[in-house]
Every structure is written in structure tokens, then in C-alpha cells.
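Asks: One file is attached below, coords23.csv, containing CSV, C-alpha atoms and all ligand atoms.
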chain,number,residue,atom,x,y,z
H,191,ALA,CA,24.8,7.4,-8.0
H,192,PRO,CA,23.2,4.8,-5.6
H,193,GLU,CA,24.0,1.2,-6.1
H,194,GLN,CA,21.7,-0.3,-8.7
H,195,VAL,CA,20.3,-3.0,-6.4
H,196,LEU,CA,17.2,-3.5,-8.5
H,197,ALA,CA,18.8,-3.4,-12.0
H,198,GLY,CA,16.9,-5.6,-14.4
H,199,LYS,CA,14.0,-6.1,-11.9
H,200,LYS,CA,10.3,-5.2,-12.4
H,201,VAL,CA,8.6,-3.7,-9.4
H,202,ALA,CA,4.9,-2.9,-8.9
H,203,ILE,CA,3.9,-0.6,-6.0
H,204,THR,CA,0.4,0.4,-4.8
H,205,ALA,CA,0.2,3.8,-3.2
H,206,GLY,CA,-2.4,6.3,-1.8
H,207,PRO,CA,-6.0,5.6,-0.7
H,208,THR,CA,-8.8,3.9,-2.6
H,209,ARG,CA,-12.1,5.7,-2.8
H,210,GLU,CA,-15.6,4.0,-2.7
H,211,ALA,CA,-18.6,5.9,-4.0
H,212,LEU,CA,-21.8,6.1,-2.0
H,213,ASP,CA,-23.6,8.2,-4.6
H,214,PRO,CA,-22.6,10.7,-7.3
H,215,VAL,CA,-21.2,13.2,-4.8
H,216,ARG,CA,-20.0,11.2,-1.7
H,217,TYR,CA,-17.4,8.6,-1.0
H,218,LEU,CA,-15.6,6.5,1.7
H,219,SER,CA,-11.8,6.9,1.9
H,220,ASN,CA,-9.0,7.7,4.3
H,221,HIS,CA,-6.1,10.2,4.9
H,222,SER,CA,-3.4,8.5,2.8
H,223,SER,CA,-1.5,11.0,0.8
H,224,GLY,CA,0.5,8.5,-1.3
H,225,LYS,CA,3.8,10.0,-0.1
H,226,MET,CA,5.2,6.7,1.3
H,227,GLY,CA,4.4,4.7,-1.8
H,228,PHE,CA,5.6,7.4,-4.2
H,229,ALA,CA,8.9,7.7,-2.3
H,230,ILE,CA,9.3,3.9,-2.7
H,231,ALA,CA,8.6,4.1,-6.4
H,232,ALA,CA,11.2,6.8,-6.8
H,233,ALA,CA,13.8,4.9,-4.8
H,234,ALA,CA,13.1,1.7,-6.7
H,235,ALA,CA,13.5,3.6,-10.1
H,236,ARG,CA,16.8,5.1,-8.8
H,237,ALA,CA,17.9,1.6,-7.9
H,238,GLY,CA,17.5,0.5,-11.5
H,239,ALA,CA,14.1,-1.1,-11.5
H,240,GLU,CA,11.4,-0.9,-14.1
H,241,VAL,CA,8.6,0.5,-11.9
H,242,THR,CA,4.8,0.4,-12.2
H,243,LEU,CA,3.2,2.7,-9.6
H,244,ILE,CA,-0.5,2.0,-9.1
H,245,ALA,CA,-1.8,5.2,-7.5
H,246,GLY,CA,-5.2,5.9,-5.9
H,247,PRO,CA,-6.5,9.5,-6.0
H,248,VAL,CA,-3.6,11.6,-4.7
H,249,ARG,CA,-2.1,15.0,-5.5
H,250,LEU,CA,1.5,14.0,-6.2
H,251,ALA,CA,3.8,14.3,-9.3
H,252,THR,CA,4.9,11.1,-10.9
H,253,PRO,CA,8.5,10.3,-9.9
H,254,ALA,CA,11.1,10.3,-12.7
H,255,GLY,CA,11.3,7.1,-14.8
H,256,VAL,CA,8.1,5.6,-13.2
H,257,ASN,CA,5.1,4.2,-15.1
H,258,ARG,CA,2.0,5.4,-13.3
H,259,VAL,CA,-1.4,3.8,-13.5
H,260,ASP,CA,-4.2,5.9,-11.8
H,261,VAL,CA,-7.1,4.2,-10.2
H,262,ILE,CA,-10.0,5.2,-7.9
H,263,SER,CA,-11.8,2.2,-6.4
H,264,THR,CA,-10.4,-0.9,-4.7
H,265,GLU,CA,-11.6,-3.1,-7.5
H,266,GLU,CA,-9.8,-0.9,-10.1
H,267,MET,CA,-6.6,-1.1,-7.9
H,268,LEU,CA,-6.9,-4.9,-7.7
H,269,ALA,CA,-7.3,-5.2,-11.5
H,270,ALA,CA,-4.3,-3.0,-12.1
H,271,ALA,CA,-2.3,-4.9,-9.5
H,272,GLU,CA,-3.2,-8.3,-11.1
H,273,ARG,CA,-2.0,-7.0,-14.5
H,274,ALA,CA,1.2,-5.6,-13.1
H,275,ALA,CA,1.9,-8.7,-11.0
H,276,ASP,CA,1.7,-10.9,-14.1
H,277,ASP,CA,5.1,-9.5,-15.1
H,278,CYS,CA,6.9,-8.4,-12.0
H,279,ASP,CA,9.6,-9.6,-9.6
H,280,LEU,CA,8.6,-7.6,-6.5
H,281,PHE,CA,5.2,-6.3,-5.4
H,282,ILE,CA,5.1,-3.7,-2.6
H,283,ALA,CA,1.7,-2.7,-1.1
H,284,ALA,CA,1.9,0.7,0.5
H,285,ALA,CA,-1.7,1.7,-0.4
H,286,ALA,CA,-4.3,2.3,2.3
H,287,VAL,CA,-7.1,0.3,0.8
H,288,VAL,CA,-10.7,0.9,2.0
H,289,ASP,CA,-11.7,-2.4,3.6
H,290,PHE,CA,-15.4,-2.1,3.0
H,291,ARG,CA,-17.5,-0.5,0.2
H,292,PRO,CA,-21.2,0.4,0.2
H,293,GLU,CA,-23.2,-2.6,-0.9
H,294,VAL,CA,-25.3,-0.3,-3.2
H,295,VAL,CA,-23.9,2.7,-5.0
H,296,SER,CA,-26.9,5.1,-5.4
H,297,SER,CA,-27.2,6.5,-8.9
H,298,GLN,CA,-28.8,9.6,-7.4
H,299,LYS,CA,-27.7,11.7,-4.5
H,300,ILE,CA,-28.9,10.0,-1.3
H,301,LYS,CA,-31.7,12.0,0.5
H,302,LYS,CA,-32.1,12.6,4.2
H,303,SER,CA,-35.0,10.6,5.5
H,304,GLU,CA,-37.5,12.9,7.2
H,305,GLY,CA,-37.9,12.7,11.0
H,306,ASP,CA,-35.2,10.1,11.6
H,307,ASP,CA,-31.8,11.1,13.1
H,308,HIS,CA,-30.2,7.7,12.4
H,309,ASP,CA,-29.5,5.8,9.2
H,310,VAL,CA,-27.7,2.6,8.3
H,311,LEU,CA,-25.1,2.1,5.6
H,312,GLN,CA,-24.7,-1.5,4.4
H,313,LEU,CA,-21.1,-2.3,3.6
H,314,VAL,CA,-19.5,-5.3,1.9
H,315,LYS,CA,-15.9,-6.4,2.3
H,316,ASN,CA,-13.5,-5.4,-0.5
H,317,PRO,CA,-11.0,-7.9,-1.9
H,318,ASP,CA,-7.6,-7.9,-0.3
H,319,ILE,CA,-5.2,-6.9,-3.0
H,320,VAL,CA,-1.9,-7.8,-1.5
H,321,ALA,CA,-3.2,-11.2,-0.2
H,322,THR,CA,-4.6,-12.0,-3.6
H,323,ILE,CA,-1.2,-11.4,-5.2
H,324,ALA,CA,0.6,-13.4,-2.4
H,325,ALA,CA,-1.8,-16.3,-2.8
H,326,ARG,CA,-0.7,-16.9,-6.4
H,327,SER,CA,0.9,-20.3,-7.1
H,328,ASP,CA,1.9,-19.1,-10.6
H,329,LYS,CA,3.7,-15.8,-11.4
H,330,ARG,CA,4.1,-15.0,-7.7
H,331,PRO,CA,6.4,-12.0,-7.1
H,332,PHE,CA,8.2,-11.4,-3.8
H,333,VAL,CA,5.5,-9.7,-1.9
H,334,VAL,CA,5.9,-6.9,0.7
H,335,GLY,CA,3.0,-5.4,2.6
H,336,PHE,CA,2.6,-2.6,5.1
H,337,ALA,CA,0.7,-2.8,8.3
H,338,ALA,CA,-0.9,0.5,9.6
H,339,GLU,CA,-1.5,-0.1,13.3
H,340,THR,CA,-2.4,2.1,16.3
H,341,GLU,CA,-1.6,-0.5,19.1
H,342,ASN,CA,0.4,-3.7,19.5
H,343,VAL,CA,2.1,-2.7,16.3
H,344,VAL,CA,4.6,-5.6,15.9
H,345,GLU,CA,2.1,-8.3,17.0
H,346,HIS,CA,-0.6,-7.1,14.6
H,347,ALA,CA,2.0,-6.7,11.8
H,348,GLU,CA,3.3,-10.3,12.3
H,349,GLY,CA,-0.3,-11.5,12.2
H,350,LYS,CA,-0.8,-9.9,8.8
H,351,LEU,CA,2.5,-11.2,7.5
H,352,ALA,CA,1.4,-14.8,8.3
H,353,ARG,CA,-2.3,-14.4,7.4
H,354,LYS,CA,-1.7,-12.8,4.1
H,355,ASN,CA,1.2,-15.1,3.3
H,356,LEU,CA,3.6,-12.1,2.7
H,357,ASP,CA,7.4,-12.3,2.4
H,358,MET,CA,8.0,-9.2,4.4
H,359,ILE,CA,5.9,-6.5,6.2
H,360,VAL,CA,6.6,-2.9,7.1
H,361,ALA,CA,5.0,-2.2,10.5
H,362,ASN,CA,3.9,1.4,10.7
H,363,ASP,CA,2.6,2.9,14.0
H,364,VAL,CA,0.1,5.4,12.6
H,365,SER,CA,-0.8,6.8,16.0
H,366,ASP,CA,2.6,8.6,16.0
H,367,PRO,CA,1.8,12.3,15.2
H,368,GLU,CA,5.3,12.6,13.6
H,369,GLY,CA,4.7,9.8,11.1
H,370,GLY,CA,2.1,7.7,9.3
H,371,PHE,CA,-0.7,9.2,7.2
H,372,ASN,CA,0.1,12.4,5.3
H,373,SER,CA,3.3,13.2,7.2
H,374,ASP,CA,6.6,13.8,5.3
H,375,ARG,CA,8.3,11.6,7.9
H,376,ASN,CA,7.8,8.1,9.1
H,377,GLU,CA,9.2,5.5,11.5
H,378,VAL,CA,8.8,1.8,10.7
H,379,ILE,CA,9.9,-1.7,11.6
H,380,LEU,CA,10.7,-4.1,8.7
H,381,ILE,CA,9.7,-7.6,9.6
H,382,ASP,CA,10.1,-11.0,8.1
H,383,ARG,CA,10.1,-14.6,9.4
H,384,SER,CA,13.7,-14.3,10.4
H,385,GLY,CA,13.5,-11.1,12.5
H,386,ARG,CA,12.7,-7.5,13.0
H,387,GLN,CA,14.6,-4.5,11.9
H,388,PRO,CA,13.6,-1.1,13.3
H,389,LEU,CA,14.4,1.9,11.1
H,390,PRO,CA,14.9,5.2,12.9
H,391,PRO,CA,12.5,8.2,12.2
H,392,ALA,CA,13.4,9.8,8.9
H,393,LEU,CA,11.9,11.6,5.9
H,394,LYS,CA,9.8,9.2,3.9
H,395,THR,CA,12.1,9.8,0.9
H,396,GLU,CA,15.1,8.6,3.0
H,397,LEU,CA,13.2,5.7,4.6
H,398,ALA,CA,12.1,4.6,1.1
H,399,SER,CA,15.8,4.2,0.0
H,400,GLN,CA,16.6,2.2,3.0
H,401,LEU,CA,13.6,-0.1,2.5
H,402,VAL,CA,14.4,-0.6,-1.1
H,403,THR,CA,18.0,-1.7,-0.2
H,404,LEU,CA,16.9,-4.0,2.6
H,405,ILE,CA,14.0,-5.5,0.6
H,406,ALA,CA,16.2,-6.0,-2.5
H,407,ASP,CA,18.8,-7.8,-0.4
H,408,ARG,CA,16.3,-10.2,1.1
H,409,ALA,CA,14.4,-10.8,-2.2
H,410,PHE,CA,17.3,-11.0,-4.7
H,411,ALA,CA,20.7,-11.3,-3.0
H,412,LYS,CA,22.5,-14.4,-4.1
H,413,LYS,CA,22.9,-16.6,-1.0
Q,501,LIG,O1,0.2,7.6,2.0
Q,501,LIG,P1,0.9,8.3,3.1
Q,501,LIG,O2,0.1,9.5,3.6
Q,501,LIG,O3,2.3,8.6,2.9
Q,501,LIG,O4,0.8,7.3,4.4
Q,501,LIG,C1,1.6,6.1,4.4
Q,501,LIG,C2,0.8,4.9,5.0
Q,501,LIG,C3,0.5,5.2,6.5
Q,501,LIG,C4,-0.6,4.8,4.2
Q,501,LIG,C5,1.6,3.7,4.7
Q,501,LIG,O5,2.9,3.8,5.3
Q,501,LIG,C6,0.9,2.4,5.2
Q,501,LIG,O6,1.0,2.0,6.4
Q,501,LIG,N1,0.2,1.7,4.3
Q,501,LIG,C7,-0.7,0.6,4.6
Q,501,LIG,C8,-2.0,1.2,5.0
Q,501,LIG,C9,-3.0,0.2,5.4
Q,501,LIG,O7,-4.2,0.4,5.2
Q,501,LIG,O8,-2.6,-0.9,6.1
Q,501,LIG,P2,-3.5,-2.2,6.6
Q,501,LIG,O9,-2.8,-2.6,7.8
Q,501,LIG,O10,-4.9,-1.8,6.7
Q,501,LIG,O11,-3.3,-3.2,5.4
Q,501,LIG,C10,-2.3,-4.2,5.5
Q,501,LIG,C11,-1.7,-4.5,4.1
Q,501,LIG,O12,-2.7,-5.0,3.2
Q,501,LIG,C12,-1.2,-3.2,3.3
Q,501,LIG,O13,-0.1,-3.6,2.6
Q,501,LIG,C13,-2.4,-2.8,2.4
Q,501,LIG,O14,-2.0,-2.2,1.2
Q,501,LIG,C14,-2.9,-4.2,2.1
Q,501,LIG,N2,-4.4,-4.3,1.8
Q,501,LIG,C15,-5.3,-4.0,2.8
Q,501,LIG,C16,-6.6,-4.2,2.5
Q,501,LIG,C17,-7.0,-4.5,1.2
Q,501,LIG,N3,-8.3,-4.7,0.9
Q,501,LIG,N4,-6.1,-4.8,0.2
Q,501,LIG,C18,-4.8,-4.7,0.5
Q,501,LIG,O15,-3.9,-4.9,-0.4
The structure given in the file should be rewritten as C-alpha cells.
Ligand code: PMT
Replies:
Amino acid sequence: APEQVLAGKKVAITAGPTREALDPVRYLSNHSSGKMGFAIAAAAARAGAEVTLIAGPVRLATPAGVNRVDVISTEEMLAAAERAADDCDLFIAAAAVVDFRPEVVSSQKIKKSEGDDHDVLQLVKNPDIVATIAARSDKRPFVVGFAAETENVVEHAEGKLARKNLDMIVANDVSDPEGGFNSDRNEVILIDRSGRQPLPPALKTELASQLVTLIADRAFAKK
């Protein structure tokens, strides 16, 4: 059995995409499958944690020993994250949250306007879930984010680490066809204020175990 590096710890993890309705039949979303976040949830449970997995709309089975909360929209994911963070030691944000949502959700199916080949969709910014948790002064867990980047991966990830006041960030080059969204494999760099640790390409399930061990060491190891 793996070492129980998270024994007695409560861990909340966001995974998968969010989905923002435009009307009763259409939505904005992205290609996140949830595989990375679900693998982390499974690894954290194997490491002895009590795990709450906040899952967007994905087609994945719940890992053994994990409490799953299903959500659709970003606002639902934020509410579930706030509830879980009230009683958790470690918060890991692997979800691919939709940054903007339609300003108006049409109650009826939106019609094509006659004779016009262009239309405009007004969007409003969604709340930033991981930054909201990391901004807490009370009941603030150790907070780990992901950064999905297509260029200047480390620089952009370090920018997000600082701007969102995270404790660690997992930099993920999502332009790599062998990794990122929907793939079974991934390659990431784990970053905090004391340095960068590249992890070699691996199955998301294997990478998740390594991340859990490294994060637990940084968050909870007695110095
Ligand atoms: O789900 P898979 O198919 O397995 O793919 C895995 C993954 C590529 C989705 C995953 O490894 C990953 O990189 N997740 C983060 C995706 C993302 O949208 O990153 P970002 O750089 O836009 O966001 C930075 C961080 O802020 C992330 O921790 C994100 O969860 C969080 N965030 C972003 C916006 C928002 N409104 N709220 C947030 O909490």
C-alpha cells in the first residue's frame, strides 16, 4: 500500500469543465474530460485523505472512497467549493472553469436574425473559484491551482501563482498533443515560490500520485 501521506487530512478537488447555458439547448464549455482531477482525487483517497470531488459535467466513474458533488455551472462549482473549503486542509483546482458566461440566458431557443450573417454575444466574467478560496483570511486551506497554457508556460503559471495568491501551481502545456485536455497522459511542472519541479510525461493516474506526494510534503511535512 502507498504511504498514507494524507492520513487525517480533508481534501477538496475541482475537476472537469463548467458549462454556461446560452438558451435551453446551447452552452459554452471546453474539452476538459475530468481525467486529471479524478486521478488526483483517487490518489488523495489512496493516500488516506477524506476527499470531496467537485465535478463538472464529465463521463467518469467516481473513484473509490471519494465523496462526489456534481455541478454544471461555474456559480454552482463556486458554491460547492466554498462549502467544501469551510472544512478542508487542502484545495486543489484542476477544473477548466469557463471564464465568461452569457450575460443573459435566453429562456427560449435563440433564433437566427434574418438577413444578418453576424451576431454578438454579450459575456460577463465568471468568479474565479480558486482565487476566491485562496483570498480567505479565515478557514484558508493550502491552495494548489493548475495553469493551462499554450505558450510561455512557466512565466504565465508563475503569474497566476502570484496573482491568485496560491501556494503551488501545476503548469500544464496544453498545446502538447500527448497531454493536456482529454488525453490519458500529461506532462507538468510543479511550481511554488521556492522553485520548479518538472515531472516527466506519464499517465495522468501516475502523475496524480506523484503530485499528491509532492504537494502533501510541501503542505503538511513537519519542518
Ligand atoms: O480534464 P482533463 O481532460 O484531464 O484535462 C486536464 C486539464 C488540462 C483541464 C488540467 O490539467 C488543467 O490544466 N486544469 C486547469 C485548466 C484551466 O482552465 O486553467 P486556467 O489556467 O484557465 O486557470 C488557472 C487556475 O484557476 C486553475 O486552477 C483553474 O481551475 C482556476 N480557475 C480559473 C478560472 C475560474 N473562473 N475559476 C478558477 O478556479
Asks: Dump the neighbourhood of ligand LIG 501 (chain Q) as number ranges by chain: all residues within 8 Å, distances computed on only C-alpha atoms and all ligand atoms.
Replies: H: 204-207, 221-228, 264, 268, 282-290, 315-322, 334-339, 347, 350, 354, 359-364, 369-374, 376, 394
Asks: With distances taken over all atoms listed in the file, which residue among H:Leu212, H:Ala275, H:Ala234, H:Ala270 lies nearest Val256 (chain H)?
Replies: H:Ala234
Asks: So, counting all atoms listed in the file, which residue among H:Ala211, H:Leu389, H:Ala202, H:Ala231 is closest to Ala274 (chain H)?
Replies: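 Smallest distance to Ala274 (chain H) is found for H:Ala202.
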Asks: Could you check how far CA of Thr208 (chain H) sits from CA of Glu293 (chain H), in Å to one decimal?
Replies: 15.9 Å
Asks: Taking all atoms listed in the file into account, which of H:Asp307, H:Val215, H:Arg209, H:Val314 comes nearest Val248 (chain H)?
Replies: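 Using all atoms listed in the file, the shortest distance to Val248 (chain H) belongs to H:Arg209.
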Asks: Which one is closest to Ile323 (chain H): H:Ala411, H:Leu401, H:Ala245, H:Ala269? Count all atoms listed in the file.
Replies: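 Selected residue with least distance to Ile323 (chain H): H:Ala269.
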Asks: Tell me, in Å to one decimal, how far CA of Ala235 (chain H) is from CA of Ala254 (chain H).
Replies: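 CA of Ala254 (chain H) lies at a distance of 7.6 Å from CA of Ala235 (chain H).
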Asks: Interatomic distance between CA of Leu313 (chain H) and CA of Arg291 (chain H)?
Replies: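 A separation of 5.3 Å between them.
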Asks: For Glu341 (chain H), which residue among H:Asp366, H:Glu265, H:Asp306, H:Asp213 is the nearest when counting only C-alpha atoms?
Replies: H:Asp366
Asks: Which residue, H:Arg408, H:Arg330, H:Lys200, H:Arg258, has the smallest gap to Ile244 (chain H) when you use only C-alpha atoms?
Replies: H:Arg258
Asks: For a quick check of your reading of the model, name the residues lying within 12 Å of the coordinate (16.0, -3.8, -2.1), counting all atoms listed in the file, and write them as number ranges by chain.
Replies: H: 192-197, 199-201, 230-231, 233-239, 279-282, 332, 334, 358, 397-411
